[in-house]
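Student: Got a file for you: start.csv, CSV, N, CA and C atoms.
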chain,number,residue,atom,x,y,z
A,1,MET,N,-4.9,72.1,135.4
A,1,MET,CA,-6.3,72.3,135.2
A,1,MET,C,-6.6,73.2,134.1
A,2,ASN,N,-7.7,73.1,133.5
A,2,ASN,CA,-8.1,73.9,132.4
A,2,ASN,C,-8.4,75.3,132.9
A,3,SER,N,-7.9,76.3,132.2
A,3,SER,CA,-8.0,77.7,132.6
A,3,SER,C,-9.5,78.2,132.5
A,4,SER,N,-10.3,77.6,131.5
A,4,SER,CA,-11.7,78.0,131.5
A,4,SER,C,-12.5,77.5,132.7
A,5,PHE,N,-12.1,76.3,133.2
A,5,PHE,CA,-12.7,75.8,134.4
A,5,PHE,C,-12.4,76.7,135.6
A,6,LEU,N,-11.1,77.1,135.7
A,6,LEU,CA,-10.8,78.0,136.8
A,6,LEU,C,-11.4,79.4,136.7
A,7,GLN,N,-11.6,79.9,135.5
A,7,GLN,CA,-12.3,81.2,135.3
A,7,GLN,C,-13.8,81.0,135.7
A,8,MET,N,-14.4,79.9,135.3
A,8,MET,CA,-15.8,79.7,135.6
A,8,MET,C,-15.9,79.6,137.1
A,9,LEU,N,-15.0,78.9,137.8
A,9,LEU,CA,-15.0,78.7,139.2
A,9,LEU,C,-14.8,80.1,139.9
A,10,ALA,N,-13.9,80.9,139.4
A,10,ALA,CA,-13.7,82.2,140.0
A,10,ALA,C,-14.8,83.1,139.7
A,11,GLY,N,-15.6,83.0,138.6
A,11,GLY,CA,-16.7,83.8,138.4
A,11,GLY,C,-17.9,83.4,139.2
A,12,ALA,N,-17.9,82.1,139.7
A,12,ALA,CA,-19.1,81.6,140.5
A,12,ALA,C,-19.0,82.1,141.9
A,13,VAL,N,-17.9,82.6,142.4
A,13,VAL,CA,-17.8,83.0,143.8
A,13,VAL,C,-18.1,84.5,143.9
A,14,PRO,N,-18.7,84.9,145.1
A,14,PRO,CA,-18.9,86.3,145.3
A,14,PRO,C,-17.6,87.1,145.3
A,15,THR,N,-17.8,88.4,145.0
A,15,THR,CA,-16.6,89.3,144.9
A,15,THR,C,-15.8,89.4,146.2
A,16,TRP,N,-16.5,89.3,147.3
A,16,TRP,CA,-15.7,89.4,148.6
A,16,TRP,C,-14.8,88.3,148.8
A,17,VAL,N,-15.2,87.1,148.2
A,17,VAL,CA,-14.3,85.9,148.4
A,17,VAL,C,-13.1,86.1,147.5
A,18,SER,N,-13.3,86.5,146.3
A,18,SER,CA,-12.1,86.7,145.4
A,18,SER,C,-11.2,87.8,145.8
A,19,GLU,N,-11.8,88.8,146.5
A,19,GLU,CA,-11.0,89.9,147.0
A,19,GLU,C,-10.2,89.6,148.2
A,20,SER,N,-10.6,88.5,148.9
A,20,SER,CA,-9.9,88.1,150.1
A,20,SER,C,-8.9,87.0,149.9
A,21,PHE,N,-8.6,86.7,148.6
A,21,PHE,CA,-7.6,85.7,148.3
A,21,PHE,C,-6.2,86.1,148.8
A,22,PRO,N,-5.8,87.3,148.6
A,22,PRO,CA,-4.4,87.7,149.2
A,22,PRO,C,-4.3,87.4,150.7
A,23,VAL,N,-5.4,87.7,151.4
A,23,VAL,CA,-5.4,87.5,152.9
A,23,VAL,C,-5.3,86.0,153.2
A,24,ILE,N,-6.1,85.3,152.4
A,24,ILE,CA,-6.1,83.8,152.6
A,24,ILE,C,-4.8,83.2,152.3
A,25,GLN,N,-4.1,83.7,151.2
A,25,GLN,CA,-2.8,83.2,150.9
A,25,GLN,C,-1.8,83.5,152.0
A,26,ILE,N,-1.8,84.7,152.6
A,26,ILE,CA,-0.9,85.1,153.6
A,26,ILE,C,-1.1,84.2,154.9
A,27,ILE,N,-2.4,83.9,155.2
A,27,ILE,CA,-2.7,83.0,156.3
A,27,ILE,C,-2.2,81.6,156.0
A,28,LEU,N,-2.4,81.1,154.8
A,28,LEU,CA,-2.0,79.8,154.5
A,28,LEU,C,-0.4,79.7,154.6
A,29,VAL,N,0.3,80.7,154.1
A,29,VAL,CA,1.7,80.6,154.2
A,29,VAL,C,2.2,80.7,155.6
A,30,ALA,N,1.5,81.5,156.5
A,30,ALA,CA,1.9,81.5,157.9
A,30,ALA,C,1.6,80.2,158.6
A,31,ILE,N,0.5,79.5,158.3
A,31,ILE,CA,0.2,78.2,158.9
A,31,ILE,C,1.2,77.2,158.4
A,32,VAL,N,1.6,77.2,157.1
A,32,VAL,CA,2.6,76.3,156.6
A,32,VAL,C,3.9,76.5,157.3
A,33,ALA,N,4.3,77.8,157.5
A,33,ALA,CA,5.6,78.0,158.1
A,33,ALA,C,5.6,77.5,159.6
A,34,LEU,N,4.5,77.7,160.3
A,34,LEU,CA,4.4,77.2,161.7
A,34,LEU,C,4.4,75.7,161.7
A,35,CYS,N,3.7,75.0,160.8
A,35,CYS,CA,3.8,73.6,160.7
A,35,CYS,C,5.2,73.1,160.3
A,36,ALA,N,5.9,73.8,159.5
A,36,ALA,CA,7.2,73.4,159.1
A,36,ALA,C,8.2,73.5,160.3
A,37,VAL,N,8.0,74.5,161.1
A,37,VAL,CA,8.9,74.6,162.3
A,37,VAL,C,8.5,73.5,163.3
A,38,ALA,N,7.2,73.2,163.4
A,38,ALA,CA,6.8,72.1,164.3
A,38,ALA,C,7.3,70.8,163.8
A,39,LEU,N,7.3,70.6,162.5
A,39,LEU,CA,7.8,69.3,161.9
A,39,LEU,C,9.3,69.2,162.2
A,40,ILE,N,10.1,70.3,162.0
A,40,ILE,CA,11.5,70.2,162.3
A,40,ILE,C,11.8,69.9,163.8
A,41,VAL,N,11.0,70.5,164.7
A,41,VAL,CA,11.2,70.2,166.1
A,41,VAL,C,10.8,68.7,166.4
A,42,LEU,N,9.7,68.2,165.8
A,42,LEU,CA,9.4,66.8,166.0
A,42,LEU,C,10.4,65.9,165.4
A,43,ILE,N,11.0,66.2,164.3
A,43,ILE,CA,12.1,65.3,163.8
A,43,ILE,C,13.3,65.3,164.7
A,44,PHE,N,13.7,66.5,165.2
A,44,PHE,CA,14.8,66.5,166.1
A,44,PHE,C,14.6,65.8,167.4
A,45,CYS,N,13.3,65.7,167.9
A,45,CYS,CA,13.0,65.0,169.1
A,45,CYS,C,13.0,63.5,169.0
A,46,GLN,N,13.0,63.0,167.8
A,46,GLN,CA,13.0,61.6,167.6
A,46,GLN,C,14.4,61.0,167.7
A,47,GLU,N,14.4,59.8,168.1
A,47,GLU,CA,15.7,59.1,168.2
A,47,GLU,C,16.0,58.4,166.8
A,48,SER,N,17.2,58.1,166.6
A,48,SER,CA,17.6,57.5,165.3
A,48,SER,C,17.1,56.0,165.3
A,49,ASN,N,16.6,55.6,164.1
A,49,ASN,CA,16.1,54.2,163.9
A,49,ASN,C,17.2,53.2,163.8
A,50,SER,N,18.4,53.6,163.4
A,50,SER,CA,19.5,52.6,163.2
A,50,SER,C,20.2,52.3,164.5
A,51,SER,N,20.5,51.1,164.7
A,51,SER,CA,21.2,50.7,165.9
A,51,SER,C,22.5,50.0,165.5
A,52,GLY,N,23.2,50.5,164.5
A,52,GLY,CA,24.5,49.9,164.1
A,52,GLY,C,24.3,48.6,163.4
A,53,LEU,N,25.3,47.7,163.6
A,53,LEU,CA,25.3,46.4,163.0
A,53,LEU,C,24.3,45.5,163.7
A,54,GLY,N,23.9,45.8,164.9
A,54,GLY,CA,22.9,45.0,165.6
A,54,GLY,C,21.6,44.9,164.9
A,55,SER,N,21.2,45.8,164.1
A,55,SER,CA,20.0,45.8,163.4
A,55,SER,C,19.9,44.9,162.2
A,56,LEU,N,21.1,44.3,161.8
A,56,LEU,CA,21.1,43.4,160.7
A,56,LEU,C,20.5,42.0,161.0
A,57,GLY,N,20.3,41.7,162.2
A,57,GLY,CA,19.8,40.4,162.6
A,57,GLY,C,18.4,40.2,162.3
A,58,GLY,N,17.6,41.2,162.0
A,58,GLY,CA,16.2,41.0,161.8
A,58,GLY,C,15.3,41.7,162.7
A,59,ALA,N,14.0,41.4,162.8
A,59,ALA,CA,13.0,42.0,163.6
A,59,ALA,C,13.2,41.7,165.1
A,60,GLU,N,12.9,42.6,165.9
A,60,GLU,CA,13.0,42.4,167.3
A,60,GLU,C,11.7,42.0,167.9
A,61,ASN,N,11.6,40.9,168.7
A,61,ASN,CA,10.4,40.4,169.2
A,61,ASN,C,10.2,40.7,170.6
A,62,SER,N,10.5,41.9,171.1
A,62,SER,CA,10.3,42.3,172.5
A,62,SER,C,9.0,42.9,172.7
A,63,PHE,N,8.6,43.1,173.9
A,63,PHE,CA,7.3,43.7,174.3
A,63,PHE,C,7.3,45.2,173.8
A,64,TYR,N,8.5,45.8,173.9
A,64,TYR,CA,8.6,47.2,173.5
A,64,TYR,C,8.4,47.3,172.0
A,65,ALA,N,9.0,46.4,171.2
A,65,ALA,CA,8.8,46.5,169.7
A,65,ALA,C,7.4,46.3,169.3
A,66,GLN,N,6.6,45.5,170.0
A,66,GLN,CA,5.3,45.2,169.7
A,66,GLN,C,4.3,46.3,170.1
A,67,ASN,N,4.7,47.1,171.1
A,67,ASN,CA,3.8,48.2,171.6
A,67,ASN,C,4.5,49.5,171.4
A,68,LYS,N,5.2,49.6,170.3
A,68,LYS,CA,6.0,50.9,170.0
A,68,LYS,C,5.0,52.1,169.8
A,69,GLY,N,3.9,51.8,169.2
A,69,GLY,CA,2.9,52.9,168.9
A,69,GLY,C,2.4,53.6,170.1
A,70,ASN,N,2.4,53.0,171.2
A,70,ASN,CA,1.9,53.6,172.5
A,70,ASN,C,3.0,54.4,173.2
A,71,SER,N,4.2,54.3,172.8
A,71,SER,CA,5.3,55.0,173.5
A,71,SER,C,5.4,56.4,173.0
A,72,ARG,N,6.3,57.1,173.6
A,72,ARG,CA,6.6,58.5,173.2
A,72,ARG,C,7.1,58.6,171.8
A,73,GLU,N,7.9,57.6,171.4
A,73,GLU,CA,8.5,57.5,170.1
A,73,GLU,C,7.4,57.3,169.0
A,74,GLY,N,6.4,56.5,169.4
A,74,GLY,CA,5.3,56.2,168.5
A,74,GLY,C,4.5,57.4,168.3
A,75,ARG,N,4.2,58.2,169.4
A,75,ARG,CA,3.4,59.4,169.3
A,75,ARG,C,4.1,60.5,168.5
A,76,LEU,N,5.5,60.6,168.6
A,76,LEU,CA,6.2,61.5,167.8
A,76,LEU,C,6.2,61.2,166.4
A,77,LYS,N,6.3,59.9,166.0
A,77,LYS,CA,6.2,59.5,164.6
A,77,LYS,C,4.8,59.8,164.0
A,78,LYS,N,3.7,59.6,164.8
A,78,LYS,CA,2.4,59.8,164.3
A,78,LYS,C,2.2,61.3,164.1
A,79,TRP,N,2.7,62.2,165.0
A,79,TRP,CA,2.6,63.6,164.8
A,79,TRP,C,3.4,64.1,163.7
A,80,THR,N,4.5,63.5,163.4
A,80,THR,CA,5.4,63.8,162.3
A,80,THR,C,4.6,63.6,161.0
A,81,TYR,N,3.9,62.5,160.9
A,81,TYR,CA,3.1,62.2,159.7
A,81,TYR,C,2.0,63.2,159.6
A,82,ILE,N,1.3,63.5,160.7
A,82,ILE,CA,0.2,64.5,160.6
A,82,ILE,C,0.7,65.9,160.2
A,83,MET,N,1.8,66.3,160.7
A,83,MET,CA,2.4,67.6,160.3
A,83,MET,C,2.8,67.6,158.8
A,84,ALA,N,3.4,66.5,158.3
A,84,ALA,CA,3.8,66.5,156.9
A,84,ALA,C,2.5,66.5,156.0
A,85,ALA,N,1.5,65.8,156.4
A,85,ALA,CA,0.2,65.8,155.6
A,85,ALA,C,-0.4,67.1,155.6
A,86,THR,N,-0.4,67.8,156.8
A,86,THR,CA,-1.0,69.1,156.9
A,86,THR,C,-0.2,70.1,156.0
A,87,ILE,N,1.1,70.1,155.9
A,87,ILE,CA,1.9,70.9,155.1
A,87,ILE,C,1.5,70.6,153.6
A,88,PHE,N,1.4,69.4,153.2
A,88,PHE,CA,1.0,69.0,151.9
A,88,PHE,C,-0.3,69.6,151.5
A,89,VAL,N,-1.3,69.4,152.3
A,89,VAL,CA,-2.7,69.8,152.0
A,89,VAL,C,-2.8,71.3,151.9
A,90,LEU,N,-2.1,72.0,152.8
A,90,LEU,CA,-2.2,73.5,152.8
A,90,LEU,C,-1.4,74.1,151.6
A,91,THR,N,-0.4,73.4,151.2
A,91,THR,CA,0.4,73.9,150.0
A,91,THR,C,-0.5,73.7,148.8
A,92,VAL,N,-1.2,72.6,148.7
A,92,VAL,CA,-2.1,72.4,147.5
A,92,VAL,C,-3.2,73.4,147.5
A,93,LEU,N,-3.8,73.7,148.7
A,93,LEU,CA,-4.8,74.8,148.8
A,93,LEU,C,-4.2,76.1,148.4
A,94,TYR,N,-3.0,76.4,148.8
A,94,TYR,CA,-2.4,77.7,148.4
A,94,TYR,C,-2.2,77.8,146.9
A,95,LEU,N,-1.7,76.7,146.3
A,95,LEU,CA,-1.5,76.7,144.8
A,95,LEU,C,-2.9,76.9,144.1
A,96,ILE,N,-3.9,76.2,144.6
A,96,ILE,CA,-5.2,76.4,144.0
A,96,ILE,C,-5.7,77.8,144.1
A,97,SER,N,-5.6,78.4,145.3
A,97,SER,CA,-6.0,79.8,145.4
A,97,SER,C,-5.2,80.7,144.6
A,98,PHE,N,-3.9,80.4,144.4
A,98,PHE,CA,-3.0,81.3,143.6
A,98,PHE,C,-3.5,81.2,142.1
A,99,ARG,N,-3.8,80.0,141.7
A,99,ARG,CA,-4.2,79.9,140.3
A,99,ARG,C,-5.6,80.6,140.0
A,100,ILE,N,-6.5,80.5,141.0
A,100,ILE,CA,-7.8,81.2,140.8
A,100,ILE,C,-7.6,82.7,140.9
A,101,TYR,N,-6.8,83.2,141.8
A,101,TYR,CA,-6.6,84.6,142.0
A,101,TYR,C,-5.9,85.2,140.8
A,102,SER,N,-4.9,84.5,140.3
A,102,SER,CA,-4.1,85.1,139.2
A,102,SER,C,-4.9,85.0,137.9
A,103,GLY,N,-5.9,84.1,137.8
A,103,GLY,CA,-6.7,84.0,136.6
A,103,GLY,C,-6.1,83.2,135.5
A,104,SER,N,-5.0,82.5,135.8
A,104,SER,CA,-4.4,81.7,134.7
A,104,SER,C,-4.7,80.3,134.8
Could you quickly redo this structure as structure tokens?
Tutor:
Amino acid sequence: MNSSFLQMLAGAVPTWVSESFPVIQIILVAIVALCAVALIVLIFCQESNSSGLGSLGGAENSFYAQNKGNSREGRLKKWTYIMAATIFVLTVLYLISFRIYSGS
């Protein structure tokens, strides 16, 4: 981003907001750390997708394969995506706040 745009944006906010950036950054890092731990736990709770040489035959047409999203495995996968997206968004917010606070 252009540094003049960031300086203009930083000048447009009240002083209490710019003074609270260090606290906001600490809170964002803490939330990212908690989400990262939750993501690790979610990944360890999931079962492996590979089933050896039996998976080479193609797609499975069972009732379980068609309704996989409603199962525990499907919910774990959905929450894994949510946690990963949350970490991504919070990291981008942290980097934006860092750029504004540092003034570069």
Student: Interatomic distance between atom CA of Pro22 of chain A and atom CA of Val89 of chain A?
Tutor: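 Computing it gives 18.2 Å between the two atoms.
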Student: Would you pick out the contacts of segment 80-83 of chain A at 7 Å or less, using only C-alpha atoms, so that residues sharing its chain but fewer than 4 positions from it are not included, and give the list as a PDB file with N, CA and C atoms, keeping the file's coordinate frame?
Tutor:
ATOM      1  N   CYS A  35       3.700  75.000 160.800  1.00  0.00           N
ATOM      2  CA  CYS A  35       3.800  73.600 160.700  1.00  0.00           C
ATOM      3  C   CYS A  35       5.200  73.100 160.300  1.00  0.00           C
ATOM      4  N   LEU A  39       7.300  70.600 162.500  1.00  0.00           N
ATOM      5  CA  LEU A  39       7.800  69.300 161.900  1.00  0.00           C
ATOM      6  C   LEU A  39       9.300  69.200 162.200  1.00  0.00           C
ATOM      7  N   LEU A  42       9.700  68.200 165.800  1.00  0.00           N
ATOM      8  CA  LEU A  42       9.400  66.800 166.000  1.00  0.00           C
ATOM      9  C   LEU A  42      10.400  65.900 165.400  1.00  0.00           C
ATOM     10  N   LEU A  76       5.500  60.600 168.600  1.00  0.00           N
ATOM     11  CA  LEU A  76       6.200  61.500 167.800  1.00  0.00           C
ATOM     12  C   LEU A  76       6.200  61.200 166.400  1.00  0.00           C
ATOM     13  N   ILE A  87       1.100  70.100 155.900  1.00  0.00           N
ATOM     14  CA  ILE A  87       1.900  70.900 155.100  1.00  0.00           C
ATOM     15  C   ILE A  87       1.500  70.600 153.600  1.00  0.00           C
TER      16      ILE A  87
END
Student: Would you work out the distance separating atom C of Phe88 of chain A from atom CA of Val41 of chain A, expressed in Å to one decimal?
Tutor: 18.6 Å
Student: Atom CA of Phe21 of chain A and atom N of Ser102 of chain A, how far apart in Å?
Tutor: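 Atom-to-atom, atom N of Ser102 of chain A and atom CA of Phe21 of chain A are spaced 8.5 Å apart.
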Student: Using only N, CA and C atoms, find the one residue out of A:Trp79, A:Ile100, A:Gly74, A:Ala84 that sits nearest to Ala36 of chain A.
Tutor: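 Using only N, CA and C atoms, Ala36 of chain A sits closest to A:Ala84.
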Student: From the list A:Thr91, A:Ile26, A:Ser20, A:Lys78, which residue is nearest Gln46 of chain A when using only C-alpha atoms?
Tutor: A:Lys78
